[in-house]
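First the structure, in the form of structure tokens, and then the observations on it.
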Amino acid sequence: MTRLFKKAKFISAAALLALTASQNISAATITLGGQAATDGSGKTSANVNSNNTINAISDGFFVETFDSATAIPGLPTANDTAYNVAGSSTGCAINSPLLVQPSSTNVLNVRTGSVRNVAAAPAGDTTCYAYTTPETVGTDSYVDIDYTNFLANIGTIDSSLAGSSIDYLGFYWGSIDTYNTFEFYSDTNELVKSIAGQEILDLVGGVEGDRLSDKSNVYVNINFSVAEAFTRLRVVSSGVAGEFDNIVVGLSNRDVPAPAGLAFLGLGLIGFALRKKLQK
């Protein structure tokens, strides 16, 4: 996902939006905003270091950047280049132990840079990113990212994380379009939550497909309760492309340091206060 990022202003804490999800599972909360990524990838989650590294597996956060150089120490590295675009994917790979299943051939692609009418790198992202390409424009195609095996085996890598579920997921959504949707499924194949591009654009006043604006290139955070735990993420698109990068998952059994936990809570409260004010 040529450098498109030109002094874009990141969503500040004061402008952080939070809401109680109104469809599927009412307790799932969405917040918008992350931090500037120092590795050239635009934006990433505040739950990992700004260069998209983690301090230790026991922290319980894991990041997929689609860059082969950012494999997580201690985890088996697939370093899968099967989805790389020839001539445009130097240094790219799916490098975390996740099961990736496109609905058909060529639906998932990993690359750098932008090509008109093919894919646009998320604003500020000069690194590798992933995107969907539907077989037929106007018909849904999807990519599944399955965490089932990852969750089943994480206890053998770090015993403190055994039995974890995923209670946080963040991702950088580039040039959001109304034909893009992210869906979350439980291990029983039940739809837990879905987020449509139009929802995010409405929240921040974004313009569909804008390659530069913070209002259509957004870091999305979703917090789930244990009862809402999902095991599979599905990226759905029926248009030219759905671009995303810096997927971060957080496990429920992680040890959250008090300052970081309080800071995140504070941001959430700011968001709820802002929402209440806007409703008046």
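In the structure tokens, the first chain shown is A, the next is B, and so on; residue numbers restart at 1 for each chain, and ligands run from 1 in the order shown.
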10 Å contact set for Ala71 (chain A), only C-alpha atoms, chain neighbours under 5 positions out, as a compact mmCIF listing (two decimals) with all heavy atoms, in the first residue's frame:
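This is the output file result.txt:
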# COMPACT_ATOMS: atom_id res chain seq x y z
N THR A 53 6.92 -3.27 16.52
CA THR A 53 7.52 -4.40 17.22
C THR A 53 6.82 -4.56 18.56
O THR A 53 6.12 -3.66 19.02
CB THR A 53 9.03 -4.18 17.46
OG1 THR A 53 9.22 -3.00 18.27
CG2 THR A 53 9.76 -4.02 16.14
N PHE A 62 0.10 -9.08 19.16
CA PHE A 62 0.80 -9.61 17.99
C PHE A 62 0.42 -8.79 16.77
O PHE A 62 -0.74 -8.39 16.61
CB PHE A 62 0.43 -11.08 17.78
CG PHE A 62 0.79 -11.94 18.97
CD1 PHE A 62 -0.12 -12.11 20.01
CD2 PHE A 62 2.04 -12.53 19.07
CE1 PHE A 62 0.21 -12.86 21.13
CE2 PHE A 62 2.38 -13.28 20.17
CZ PHE A 62 1.46 -13.46 21.21
N VAL A 63 1.40 -8.51 15.92
CA VAL A 63 1.16 -7.62 14.78
C VAL A 63 1.54 -8.30 13.46
O VAL A 63 2.55 -9.00 13.38
CB VAL A 63 1.93 -6.29 14.96
CG1 VAL A 63 3.42 -6.54 15.10
CG2 VAL A 63 1.64 -5.33 13.81
N GLU A 64 0.71 -8.11 12.46
CA GLU A 64 0.99 -8.55 11.09
C GLU A 64 1.14 -7.30 10.24
O GLU A 64 0.19 -6.54 10.05
CB GLU A 64 -0.15 -9.41 10.57
CG GLU A 64 -0.07 -9.72 9.09
CD GLU A 64 1.18 -10.48 8.70
OE1 GLU A 64 1.18 -11.72 8.84
OE2 GLU A 64 2.15 -9.83 8.26
N THR A 65 2.36 -7.07 9.75
CA THR A 65 2.64 -5.88 8.94
C THR A 65 2.76 -6.20 7.46
O THR A 65 2.90 -5.29 6.65
CB THR A 65 3.94 -5.21 9.38
OG1 THR A 65 5.04 -6.09 9.07
CG2 THR A 65 3.94 -4.91 10.87
N PHE A 66 2.78 -7.47 7.11
CA PHE A 66 2.99 -7.94 5.74
C PHE A 66 4.39 -7.65 5.23
O PHE A 66 4.65 -7.71 4.03
CB PHE A 66 1.92 -7.37 4.79
CG PHE A 66 0.52 -7.69 5.23
CD1 PHE A 66 -0.26 -6.75 5.88
CD2 PHE A 66 0.01 -8.96 5.05
CE1 PHE A 66 -1.54 -7.05 6.32
CE2 PHE A 66 -1.28 -9.28 5.47
CZ PHE A 66 -2.05 -8.33 6.11
N PRO A 76 6.65 -19.27 15.23
CA PRO A 76 7.00 -19.85 13.93
C PRO A 76 6.66 -18.86 12.83
O PRO A 76 5.62 -18.22 12.86
CB PRO A 76 6.11 -21.10 13.86
CG PRO A 76 5.00 -20.83 14.82
CD PRO A 76 5.59 -20.01 15.93
N THR A 77 7.54 -18.69 11.88
CA THR A 77 7.35 -17.69 10.83
C THR A 77 7.04 -18.37 9.51
O THR A 77 7.87 -19.08 8.96
CB THR A 77 8.60 -16.82 10.69
OG1 THR A 77 8.89 -16.21 11.94
CG2 THR A 77 8.39 -15.75 9.64
N ALA A 78 5.86 -18.13 8.99
CA ALA A 78 5.49 -18.71 7.72
C ALA A 78 6.27 -18.07 6.57
O ALA A 78 6.67 -18.73 5.63
CB ALA A 78 3.99 -18.56 7.49
N ASN A 79 6.48 -16.75 6.65
CA ASN A 79 7.18 -16.00 5.61
C ASN A 79 6.60 -16.36 4.23
O ASN A 79 7.32 -16.63 3.27
CB ASN A 79 8.69 -16.28 5.65
CG ASN A 79 9.47 -15.19 4.94
OD1 ASN A 79 9.06 -14.04 4.91
ND2 ASN A 79 10.60 -15.55 4.37
N ALA A 93 5.81 -10.23 2.84
CA ALA A 93 5.44 -11.61 3.17
C ALA A 93 4.39 -11.59 4.27
O ALA A 93 4.30 -10.64 5.04
CB ALA A 93 6.65 -12.42 3.63
N ILE A 94 3.58 -12.63 4.30
CA ILE A 94 2.71 -12.86 5.46
C ILE A 94 3.57 -13.61 6.46
O ILE A 94 4.02 -14.71 6.19
CB ILE A 94 1.46 -13.65 5.06
CG1 ILE A 94 0.61 -12.81 4.10
CG2 ILE A 94 0.65 -14.05 6.29
CD1 ILE A 94 -0.60 -13.54 3.56
N ASN A 95 3.82 -12.97 7.61
CA ASN A 95 4.87 -13.48 8.49
C ASN A 95 4.41 -13.89 9.87
O ASN A 95 5.21 -13.97 10.80
CB ASN A 95 6.00 -12.45 8.61
CG ASN A 95 5.49 -11.09 9.07
OD1 ASN A 95 4.50 -11.01 9.79
ND2 ASN A 95 6.15 -10.03 8.65
N SER A 96 3.12 -14.10 10.05
CA SER A 96 2.65 -14.57 11.35
C SER A 96 1.94 -15.91 11.16
O SER A 96 1.53 -16.24 10.05
CB SER A 96 1.70 -13.55 11.98
OG SER A 96 0.61 -13.30 11.15
N PRO A 97 1.85 -16.71 12.22
CA PRO A 97 1.32 -18.08 12.08
C PRO A 97 -0.20 -18.12 11.98
O PRO A 97 -0.89 -18.72 12.79
CB PRO A 97 1.80 -18.75 13.37
CG PRO A 97 1.82 -17.64 14.36
CD PRO A 97 2.26 -16.43 13.60
What's the separation between CA of Ser252 (chain A) and CA of Ile154 (chain A), in Å to one decimal place?
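About the pair CA of Ser252 (chain A) and CA of Ile154 (chain A): they are 12.1 Å apart.
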Length of the CA of Thr133 (chain A) to CA of Thr29 (chain A) vector [Å]:
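Those two atoms sit 28.7 Å apart.
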I'd like to know which residues of region 116-218 of chain A are strand (DSSP E) (by DSSP, run on the backbone); could you write them as a VMD selection string?
chain A and resid 129 to 132 141 to 146 166 to 174 180 to 185 191 to 196 218
Find the residues near region 182-184 of chain A: any atom within 9 Å, counting only C-alpha atoms, skip ones fewer than 4 places away on the same chain, and give them as a PDB file with N, CA and C atoms, in the first residue's frame.
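Output file selection00.pdb follows:
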ATOM      1  N   GLU A 190     -20.392 -18.143  13.869  1.00  0.00           N
ATOM      2  CA  GLU A 190     -21.407 -17.122  14.103  1.00  0.00           C
ATOM      3  C   GLU A 190     -20.816 -15.737  13.862  1.00  0.00           C
ATOM      4  N   LEU A 191     -21.538 -14.893  13.155  1.00  0.00           N
ATOM      5  CA  LEU A 191     -21.091 -13.527  12.918  1.00  0.00           C
ATOM      6  C   LEU A 191     -21.189 -12.740  14.220  1.00  0.00           C
ATOM      7  N   VAL A 192     -20.044 -12.285  14.724  1.00  0.00           N
ATOM      8  CA  VAL A 192     -19.986 -11.565  15.993  1.00  0.00           C
ATOM      9  C   VAL A 192     -20.175 -10.074  15.780  1.00  0.00           C
ATOM     10  N   LYS A 193     -19.518  -9.542  14.756  1.00  0.00           N
ATOM     11  CA  LYS A 193     -19.562  -8.102  14.497  1.00  0.00           C
ATOM     12  C   LYS A 193     -19.173  -7.856  13.053  1.00  0.00           C
ATOM     13  N   SER A 194     -19.697  -6.813  12.470  1.00  0.00           N
ATOM     14  CA  SER A 194     -19.252  -6.392  11.149  1.00  0.00           C
ATOM     15  C   SER A 194     -19.138  -4.879  11.137  1.00  0.00           C
ATOM     16  N   ILE A 195     -18.189  -4.383  10.365  1.00  0.00           N
ATOM     17  CA  ILE A 195     -17.980  -2.946  10.238  1.00  0.00           C
ATOM     18  C   ILE A 195     -17.930  -2.617   8.752  1.00  0.00           C
ATOM     19  N   ALA A 196     -18.856  -1.812   8.294  1.00  0.00           N
ATOM     20  CA  ALA A 196     -18.895  -1.414   6.896  1.00  0.00           C
ATOM     21  C   ALA A 196     -18.164  -0.090   6.712  1.00  0.00           C
ATOM     22  N   GLY A 197     -17.580   0.090   5.535  1.00  0.00           N
ATOM     23  CA  GLY A 197     -16.856   1.324   5.263  1.00  0.00           C
ATOM     24  C   GLY A 197     -17.708   2.557   5.486  1.00  0.00           C
ATOM     25  N   ALA A 229     -15.865 -13.237  21.816  1.00  0.00           N
ATOM     26  CA  ALA A 229     -14.575 -13.611  21.232  1.00  0.00           C
ATOM     27  C   ALA A 229     -14.738 -14.168  19.823  1.00  0.00           C
ATOM     28  N   PHE A 230     -13.901 -13.698  18.920  1.00  0.00           N
ATOM     29  CA  PHE A 230     -13.932 -14.184  17.552  1.00  0.00           C
ATOM     30  C   PHE A 230     -12.650 -14.952  17.261  1.00  0.00           C
ATOM     31  N   THR A 231     -12.694 -15.776  16.248  1.00  0.00           N
ATOM     32  CA  THR A 231     -11.511 -16.543  15.857  1.00  0.00           C
ATOM     33  C   THR A 231     -11.153 -16.334  14.393  1.00  0.00           C
ATOM     34  N   ARG A 232     -12.039 -15.680  13.651  1.00  0.00           N
ATOM     35  CA  ARG A 232     -11.775 -15.510  12.221  1.00  0.00           C
ATOM     36  C   ARG A 232     -12.199 -14.113  11.769  1.00  0.00           C
ATOM     37  N   LEU A 233     -11.284 -13.449  11.076  1.00  0.00           N
ATOM     38  CA  LEU A 233     -11.543 -12.133  10.492  1.00  0.00           C
ATOM     39  C   LEU A 233     -11.751 -12.310   8.991  1.00  0.00           C
ATOM     40  N   ARG A 234     -12.798 -11.694   8.456  1.00  0.00           N
ATOM     41  CA  ARG A 234     -13.067 -11.758   7.027  1.00  0.00           C
ATOM     42  C   ARG A 234     -13.091 -10.336   6.459  1.00  0.00           C
ATOM     43  N   VAL A 235     -12.297 -10.119   5.416  1.00  0.00           N
ATOM     44  CA  VAL A 235     -12.271  -8.841   4.712  1.00  0.00           C
ATOM     45  C   VAL A 235     -13.037  -9.019   3.410  1.00  0.00           C
ATOM     46  N   VAL A 236     -14.122  -8.268   3.255  1.00  0.00           N
ATOM     47  CA  VAL A 236     -15.019  -8.422   2.114  1.00  0.00           C
ATOM     48  C   VAL A 236     -14.965  -7.171   1.241  1.00  0.00           C
ATOM     49  N   SER A 237     -14.919  -7.375  -0.065  1.00  0.00           N
ATOM     50  CA  SER A 237     -14.938  -6.242  -0.990  1.00  0.00           C
ATOM     51  C   SER A 237     -15.602  -6.652  -2.291  1.00  0.00           C
TER      52      SER A 237
END
Distance in Å - CA of Ala36 (chain A) versus CA of Gly124 (chain A):
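Result for CA of Ala36 (chain A) versus CA of Gly124 (chain A): 9.3 Å, one decimal.
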